[in-house]
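Read through the structure below, which is laid out as structure tokens, and then see the notes.
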Amino acid sequence: MRKISSKVALVTGGSRGMGAAIAERLAREGADVALTYISAGDKARTVIAEIERTGQRGLAIVADHADPAAVRAAVERTVAELNRLDILVNNAGIFVAKPLDALTLDDFERTVAINVRAVFVASQAAAAHMGEGGRIITIGSNLAERVPMPGLSLYSLSKAALIGLTKGMARDLGPRGITVNIVHPGSTDTDMNPANGAHADAQRSLMAIPRFAEPRDIAGLVAWLASEESRCVTGAGLTIDGGANA
């Protein structure tokens, strides 16, 4: 039985990796799905084809999440073309890893713009269209809660900021029946961080279960948060990292 039939979702950064897995899983659960991408048009089209194979509608939108106007426009286009918006998954983000003395102000501003400001802008725009049962789900990182190695100051800052934003929005939107939660993945087998990469063994050494997650693992948790089964969960952070932060 499909858990989110007749819903419309927007997944930012949905053309590959975790974003693609989330978009495809939400479609299999019965949602029409829009996604944003910035350059991987071929991959976005592949994801849309998978969405449509489930019988759901798909929509790919080019949007640079460093541009607040583009983020708002993506939300408005989703509503205009798919007629409503029930679920927002804030997945788009960038990863900058450098020692503190090597970070530039441009690194800081771009990271915060995409990883934090875009989440705020998209959530504010999406919430204006949501009613009872709306869902805002943000992809954070287990590195927001624990920083086990150097070079992660800026990235961890950006993901930690999302915890406060999530809790605050949960309070603001709770009276309207909208839940707001954050998922904190750990090491996940994607193009950006492959399970056979140069640093993979070091990451596995931190885990209680020494195995990289697959994107579908993250997608499953997001799908649950998007469903009616999670209606009493809000303002929460759910960590899925093989016990690396245990």
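Ligands are numbered from 1 in the order shown, residues from 1 within each chain, and chains are lettered A, B, ... in the order they appear in the structure tokens.
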
Test item: residues at most 8 Å from range 9-23 of chain A, only C-alpha atoms, excluding those fewer than 6 positions along its chain, as a PyMOL selection string:
chain A and resi 31-38+40-41+43-45+47+51+75+78+85-93+190-191+215-216+218-220+222-223

Selected residues, C-alpha atoms, written as a PDB file, in the first residue's frame, please.
ATOM      1  CA  ALA A  31       3.662  11.110  -4.636  1.00  0.00           C
ATOM      2  CA  ASP A  32       4.125  13.272  -7.700  1.00  0.00           C
ATOM      3  CA  VAL A  33       7.689  14.568  -7.431  1.00  0.00           C
ATOM      4  CA  ALA A  34       9.485  17.698  -8.576  1.00  0.00           C
ATOM      5  CA  LEU A  35      13.252  17.938  -8.235  1.00  0.00           C
ATOM      6  CA  THR A  36      15.851  20.630  -8.682  1.00  0.00           C
ATOM      7  CA  TYR A  37      19.252  20.307 -10.282  1.00  0.00           C
ATOM      8  CA  ILE A  38      21.921  22.681 -11.490  1.00  0.00           C
ATOM      9  CA  ALA A  40      23.316  17.168 -14.321  1.00  0.00           C
ATOM     10  CA  GLY A  41      20.484  17.392 -16.823  1.00  0.00           C
ATOM     11  CA  LYS A  43      20.784  12.414 -14.623  1.00  0.00           C
ATOM     12  CA  ALA A  44      17.740  14.533 -13.795  1.00  0.00           C
ATOM     13  CA  ARG A  45      15.969  13.165 -16.874  1.00  0.00           C
ATOM     14  CA  VAL A  47      15.256  10.223 -12.373  1.00  0.00           C
ATOM     15  CA  ILE A  51       9.304   8.607 -11.352  1.00  0.00           C
ATOM     16  CA  VAL A  75       8.758  26.143  -5.135  1.00  0.00           C
ATOM     17  CA  THR A  78       6.145  23.057  -8.421  1.00  0.00           C
ATOM     18  CA  LEU A  85       2.898  21.064  -2.402  1.00  0.00           C
ATOM     19  CA  ASP A  86       2.751  18.734   0.581  1.00  0.00           C
ATOM     20  CA  ILE A  87       6.331  17.590   1.127  1.00  0.00           C
ATOM     21  CA  LEU A  88       9.605  19.502   0.887  1.00  0.00           C
ATOM     22  CA  VAL A  89      12.893  17.628   1.131  1.00  0.00           C
ATOM     23  CA  ASN A  90      15.825  20.023   1.516  1.00  0.00           C
ATOM     24  CA  ASN A  91      18.608  17.858   0.124  1.00  0.00           C
ATOM     25  CA  ALA A  92      20.752  20.201  -2.015  1.00  0.00           C
ATOM     26  CA  GLY A  93      24.090  21.028  -0.436  1.00  0.00           C
ATOM     27  CA  THR A 190      27.503   8.025  -3.466  1.00  0.00           C
ATOM     28  CA  ASP A 191      29.643   9.554  -6.212  1.00  0.00           C
ATOM     29  CA  PRO A 215      21.086   6.018  -0.697  1.00  0.00           C
ATOM     30  CA  ARG A 216      17.975   3.829  -0.427  1.00  0.00           C
ATOM     31  CA  ILE A 218      18.276   7.351   3.691  1.00  0.00           C
ATOM     32  CA  ALA A 219      15.318   7.403   1.294  1.00  0.00           C
ATOM     33  CA  GLY A 220      13.441   4.903   3.434  1.00  0.00           C
ATOM     34  CA  VAL A 222      12.660  10.169   4.574  1.00  0.00           C
ATOM     35  CA  ALA A 223       9.650   8.303   3.164  1.00  0.00           C
TER      36      ALA A 223
END

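Taking CA of Lys159 in chain A and CA of Glu229 in chain A as endpoints, the distance between them is 26.1 Å.
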
DSSP on the backbone: what in range 88-197 of chain A comes out alpha helix (DSSP H), as a VMD selection string?
chain A and resid 105 to 112 118 to 127 153 to 173

Keeping only N, CA, C and O atoms, write the selected residues to a file as a short mmCIF file (atom, residue, chain, number, x, y, z; two decimals), in the first residue's frame.
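Saved the output as again04.cif:
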data_model
loop_
_atom_site.label_atom_id
_atom_site.label_comp_id
_atom_site.auth_asym_id
_atom_site.auth_seq_id
_atom_site.Cartn_x
_atom_site.Cartn_y
_atom_site.Cartn_z
N LEU A 105 36.73 33.49 2.86
CA LEU A 105 35.41 34.08 3.10
C LEU A 105 34.43 33.63 2.03
O LEU A 105 33.25 33.42 2.32
N ASP A 106 34.90 33.45 0.81
CA ASP A 106 34.03 32.95 -0.25
C ASP A 106 33.55 31.54 0.06
O ASP A 106 32.37 31.19 -0.17
N ASP A 107 34.44 30.67 0.60
CA ASP A 107 34.02 29.33 1.02
C ASP A 107 32.89 29.43 2.04
O ASP A 107 31.89 28.71 1.95
N PHE A 108 33.08 30.32 3.01
CA PHE A 108 32.08 30.48 4.07
C PHE A 108 30.74 30.95 3.49
O PHE A 108 29.69 30.36 3.76
N GLU A 109 30.79 32.00 2.69
CA GLU A 109 29.55 32.58 2.18
C GLU A 109 28.81 31.62 1.27
O GLU A 109 27.58 31.52 1.34
N ARG A 110 29.52 30.91 0.42
CA ARG A 110 28.85 29.98 -0.49
C ARG A 110 28.27 28.78 0.27
O ARG A 110 27.15 28.34 -0.01
N THR A 111 29.03 28.26 1.23
CA THR A 111 28.53 27.13 2.02
C THR A 111 27.28 27.50 2.79
O THR A 111 26.29 26.77 2.78
N VAL A 112 27.32 28.64 3.45
CA VAL A 112 26.15 29.07 4.22
C VAL A 112 24.97 29.39 3.30
O VAL A 112 23.82 29.08 3.61
N ALA A 118 19.45 28.60 1.70
CA ALA A 118 18.52 28.00 0.74
C ALA A 118 17.48 27.13 1.44
O ALA A 118 16.33 27.06 1.00
N VAL A 119 17.87 26.47 2.53
CA VAL A 119 16.91 25.67 3.30
C VAL A 119 15.86 26.58 3.92
O VAL A 119 14.66 26.28 3.89
N PHE A 120 16.30 27.69 4.49
CA PHE A 120 15.36 28.66 5.07
C PHE A 120 14.42 29.20 3.99
O PHE A 120 13.20 29.23 4.18
N VAL A 121 14.97 29.61 2.85
CA VAL A 121 14.15 30.20 1.79
C VAL A 121 13.15 29.19 1.25
O VAL A 121 11.96 29.49 1.09
N ALA A 122 13.60 27.98 0.96
CA ALA A 122 12.70 26.96 0.42
C ALA A 122 11.62 26.58 1.42
O ALA A 122 10.44 26.42 1.05
N SER A 123 12.00 26.46 2.67
CA SER A 123 11.03 26.07 3.70
C SER A 123 9.98 27.15 3.90
O SER A 123 8.78 26.86 4.02
N GLN A 124 10.41 28.39 3.93
CA GLN A 124 9.47 29.51 4.09
C GLN A 124 8.50 29.56 2.91
O GLN A 124 7.28 29.71 3.09
N ALA A 125 9.02 29.41 1.70
CA ALA A 125 8.17 29.45 0.52
C ALA A 125 7.22 28.26 0.47
O ALA A 125 6.04 28.40 0.13
N ALA A 126 7.73 27.08 0.79
CA ALA A 126 6.90 25.88 0.73
C ALA A 126 5.81 25.90 1.80
O ALA A 126 4.66 25.52 1.53
N ALA A 127 6.14 26.35 3.00
CA ALA A 127 5.18 26.36 4.09
C ALA A 127 3.96 27.21 3.76
O ALA A 127 2.85 26.93 4.23
N SER A 153 35.31 22.04 9.81
CA SER A 153 34.70 23.12 10.60
C SER A 153 33.54 23.79 9.89
O SER A 153 32.46 23.97 10.45
N LEU A 154 33.74 24.18 8.65
CA LEU A 154 32.73 24.94 7.92
C LEU A 154 31.53 24.07 7.58
O LEU A 154 30.38 24.50 7.76
N TYR A 155 31.77 22.87 7.11
CA TYR A 155 30.66 21.98 6.77
C TYR A 155 29.83 21.65 8.01
O TYR A 155 28.60 21.72 7.98
N SER A 156 30.51 21.33 9.11
CA SER A 156 29.80 21.00 10.34
C SER A 156 29.01 22.20 10.86
O SER A 156 27.89 22.04 11.36
N LEU A 157 29.58 23.38 10.74
CA LEU A 157 28.86 24.60 11.12
C LEU A 157 27.54 24.69 10.36
O LEU A 157 26.48 24.95 10.95
N SER A 158 27.61 24.48 9.06
CA SER A 158 26.41 24.66 8.24
C SER A 158 25.34 23.64 8.58
O SER A 158 24.14 23.95 8.61
N LYS A 159 25.74 22.41 8.85
CA LYS A 159 24.75 21.38 9.17
C LYS A 159 24.23 21.53 10.60
O LYS A 159 23.06 21.23 10.88
N ALA A 160 25.08 22.01 11.51
CA ALA A 160 24.61 22.24 12.88
C ALA A 160 23.58 23.37 12.92
O ALA A 160 22.62 23.32 13.69
N ALA A 161 23.75 24.38 12.07
CA ALA A 161 22.78 25.47 12.02
C ALA A 161 21.39 24.97 11.66
O ALA A 161 20.38 25.51 12.12
N LEU A 162 21.33 23.92 10.87
CA LEU A 162 20.04 23.39 10.44
C LEU A 162 19.27 22.73 11.58
O LEU A 162 18.04 22.62 11.52
N ILE A 163 19.98 22.31 12.61
CA ILE A 163 19.29 21.73 13.77
C ILE A 163 18.44 22.79 14.45
O ILE A 163 17.25 22.57 14.74
N GLY A 164 19.02 23.95 14.69
CA GLY A 164 18.26 25.04 15.31
C GLY A 164 17.12 25.51 14.43
O GLY A 164 16.01 25.78 14.92
N LEU A 165 17.37 25.60 13.13
CA LEU A 165 16.33 26.02 12.21
C LEU A 165 15.18 25.02 12.22
O LEU A 165 14.00 25.42 12.24
N THR A 166 15.50 23.75 12.23
CA THR A 166 14.46 22.71 12.26
C THR A 166 13.61 22.81 13.51
O THR A 166 12.37 22.76 13.44
N LYS A 167 14.24 22.96 14.66
CA LYS A 167 13.49 23.03 15.91
C LYS A 167 12.61 24.28 15.95
O LYS A 167 11.45 24.23 16.39
N GLY A 168 13.14 25.40 15.48
CA GLY A 168 12.36 26.63 15.48
C GLY A 168 11.18 26.54 14.53
O GLY A 168 10.05 26.96 14.88
N MET A 169 11.40 26.01 13.33
CA MET A 169 10.29 25.89 12.37
C MET A 169 9.24 24.91 12.88
O MET A 169 8.03 25.09 12.62
N ALA A 170 9.66 23.86 13.58
CA ALA A 170 8.70 22.91 14.13
C ALA A 170 7.74 23.61 15.09
O ALA A 170 6.53 23.34 15.08
N ARG A 171 8.25 24.52 15.89
CA ARG A 171 7.39 25.29 16.80
C ARG A 171 6.49 26.24 16.04
O ARG A 171 5.30 26.39 16.35
N ASP A 172 7.03 26.90 15.02
CA ASP A 172 6.23 27.87 14.26
C ASP A 172 5.10 27.20 13.48
O ASP A 172 4.01 27.75 13.36
N LEU A 173 5.39 26.02 12.92
CA LEU A 173 4.45 25.39 12.00
C LEU A 173 3.60 24.30 12.64
O LEU A 173 2.62 23.85 12.06
#

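With only C-alpha atoms as the atoms that count, the residue of A:His184, A:Arg2, A:His129, A:Arg117 with the shortest distance to Ala80 in chain A is A:His129.
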
Between A:Val116, A:Met207, A:Ile240, A:Leu152, which is the closest to Pro68 in chain A once you count only C-alpha atoms?
A:Val116

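Distance-wise, CA of Gly242 in chain A and CA of Met192 in chain A end up 18.3 Å apart.
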
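Nearest to Ala128 in chain A of all the residues A:Ala144, A:Ile178, A:Thr188, A:Asp101 is A:Ile178, counting only C-alpha atoms.
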
Rounded to one decimal, what separation in Å do you get between CA of Lys7 in chain A and CA of Ser39 in chain A?
27.0 Å

Could you list, as an MDAnalysis selection string, every residue within 6 Å of Ile137 in chain A, counting only C-alpha atoms and ignoring same-chain residues fewer than 5 positions away?
chainID A and resid 89 180:182

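Closest approach to Gln203 in chain A from the set A:Ala73, A:Met149, A:Leu225, A:Ile48 is made by A:Met149, with distances taken over only C-alpha atoms.
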
Taking only C-alpha atoms into account, name the residue in A:Gly140, A:Pro210, A:Pro150, A:Gly58 that is nearest to Ala27 in chain A.
A:Gly58

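Using only C-alpha atoms for every distance, the candidate list A:Leu82, A:Leu103, A:Leu221, A:Leu26 yields A:Leu26 as the residue closest to Glu50 in chain A.
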
To test your reading of the structure, identify every residue in range 5-246 of chain A that backbone DSSP assigns to strand (DSSP E or B), and report it as a VMD selection string.
chain A and resid 8 to 11 32 to 37 58 to 62 87 to 90 135 to 139 179 to 185 188 213 237 to 240
